[in-house]
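To start, the structure under review is shown below, and the notes come after it.
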Amino acid sequence: MKVLITGGAGFIGSNVADLLVKEDHEVVIVDNLSRGKIEHVNKNARFYKCDIRDAHKLFIIFAKEQPEVVIHNAAQIDVQMSMRKPALDADINIKGTVNILECCREFKVRKIIYPSSAAVYGNPMYLPIDENHQVKPISFYGVSKQVPEHYIKAYAQLYNIKYTIFRYTNVYGIRQDPKGEGGVVSVFIYKFLNNQCPIIFGDGNQTRDFIYVNDVAKANVLLDVFGDLVRYNGLMM
Ligand SMILES: NC(=O)c1ccc[n+]([C@@H]2O[C@H](COP(=O)([O-])OP(=O)(O)OC[C@H]3O[C@@H](n4cnc5c(N)ncnc54)[C@H](O)[C@@H]3O)[C@@H](O)[C@H]2O)c1
């Protein structure tokens, strides 16, 4: 199966790409390398340097590649940045997703997988958060991850595109940038390796939950293989 992964040079996208290649799928990667690294791009994947805001270039790539499934990872992921520059955040996360969906419609992509975020929930009213928890983002990043969920559902209904939306919490694992958001595991490891003391915020009690990037990659691949039938760790909606 041919799978196009946006953001496939980034932390999660590159791990998903590696697993798909290992499972003999044909992988196409689209990334503007703003945060992703070319050395993280799987050698057996075809790579296009492209910004998801460039609708024309995306159109040409989709026309050439005709993917069956799209995993749309590319995003502006910095919460603080979203507060400083909400228009830029919306441009990438909302308009960029609409560009991808337009290509999915035009080239009859069978399915789109979208990693939304636990940021859409805002402050939890109870724990653990489940799919029934109210959605009330408290950052522009939370808003710009939620809005595409609605677009995806509307495109699915209007144009018969299948979809799965994940809402990841704190993903950790290989290739995570220690300067990234929520990357406490990589921050601590980075500090240990550099002989520095990690800083614990709050009272040290656990307030976040974590998921290993290989488990995330497996969930993505299982979805491709088994369509909509699989539930994986209760993560999927
Ligand atoms: N890491 C987490 O804990 C977490 C949690 C919830 C949701 N997510 C979502 O998962 C996805 C992947 O996150 P990640 O942690 O791997 O981040 P990442 O920054 O490592 O990966 C994002 C990739 O998208 C690329 N990109 C950014 N803007 C782009 C643009 N305009 N055009 C093309 N490519 C662009 C970057 O270069 C990067 O390679 C994102 O959609 C993010 O919102 C991540």
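Residues are named by chain letter and number: chains run A, B, ... in the order of the structure tokens, numbers start at 1 in each chain, and ligands are numbered from 1 in the order shown.
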Next on the checklist: Can you tell me which residues surround range 45-61 of chain A at a distance of at most 10 Å, considering only C-alpha atoms, apart from same-chain residues fewer than 4 positions away, and format the answer as a ChimeraX atom specification?
Outcome noted: /A:3-9,17-18,20-21,25-34,38,41,65-67,72,74-75,91-100,102-104,106-107
Item to check | Distance query Val69 in chain A at most 8 Å, only C-alpha atoms, self and fewer than 2 positions along chain excluded, as a list in words | outcome: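 The residues satisfying every condition are Met1, Lys2, Val3, Leu4, Pro67, Ile71, Val109, Arg110, Lys111, Ile112, Ile113 and Asp224 of chain A.
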Based on the selection just made, write C-alpha atoms of those residues as a PDB file, in the first residue's frame.
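Resulting contents of result_10.pdb:
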```pdb
ATOM      1  CA  MET A   1       0.000   0.000   0.000  1.00  0.00           C
ATOM      2  CA  LYS A   2       1.221   3.511  -0.738  1.00  0.00           C
ATOM      3  CA  VAL A   3       1.187   5.812   2.284  1.00  0.00           C
ATOM      4  CA  LEU A   4       2.018   9.522   2.194  1.00  0.00           C
ATOM      5  CA  PRO A  67      -1.332   7.700  -2.258  1.00  0.00           C
ATOM      6  CA  ILE A  71      -0.946  10.200   7.672  1.00  0.00           C
ATOM      7  CA  VAL A 109      -7.345   9.072  -1.004  1.00  0.00           C
ATOM      8  CA  ARG A 110      -9.065   6.190   0.787  1.00  0.00           C
ATOM      9  CA  LYS A 111      -8.144   7.170   4.324  1.00  0.00           C
ATOM     10  CA  ILE A 112      -6.553   9.938   6.364  1.00  0.00           C
ATOM     11  CA  ILE A 113      -5.033   9.449   9.818  1.00  0.00           C
ATOM     12  CA  ASP A 224      -3.619   0.899   7.796  1.00  0.00           C
TER      13      ASP A 224
END
```
Checklist entry - In range 33-152 of chain A, what's strand (DSSP E) per DSSP? Answer as a VMD selection string? => result chain A and resid 46 to 49 69 to 72 111 to 117
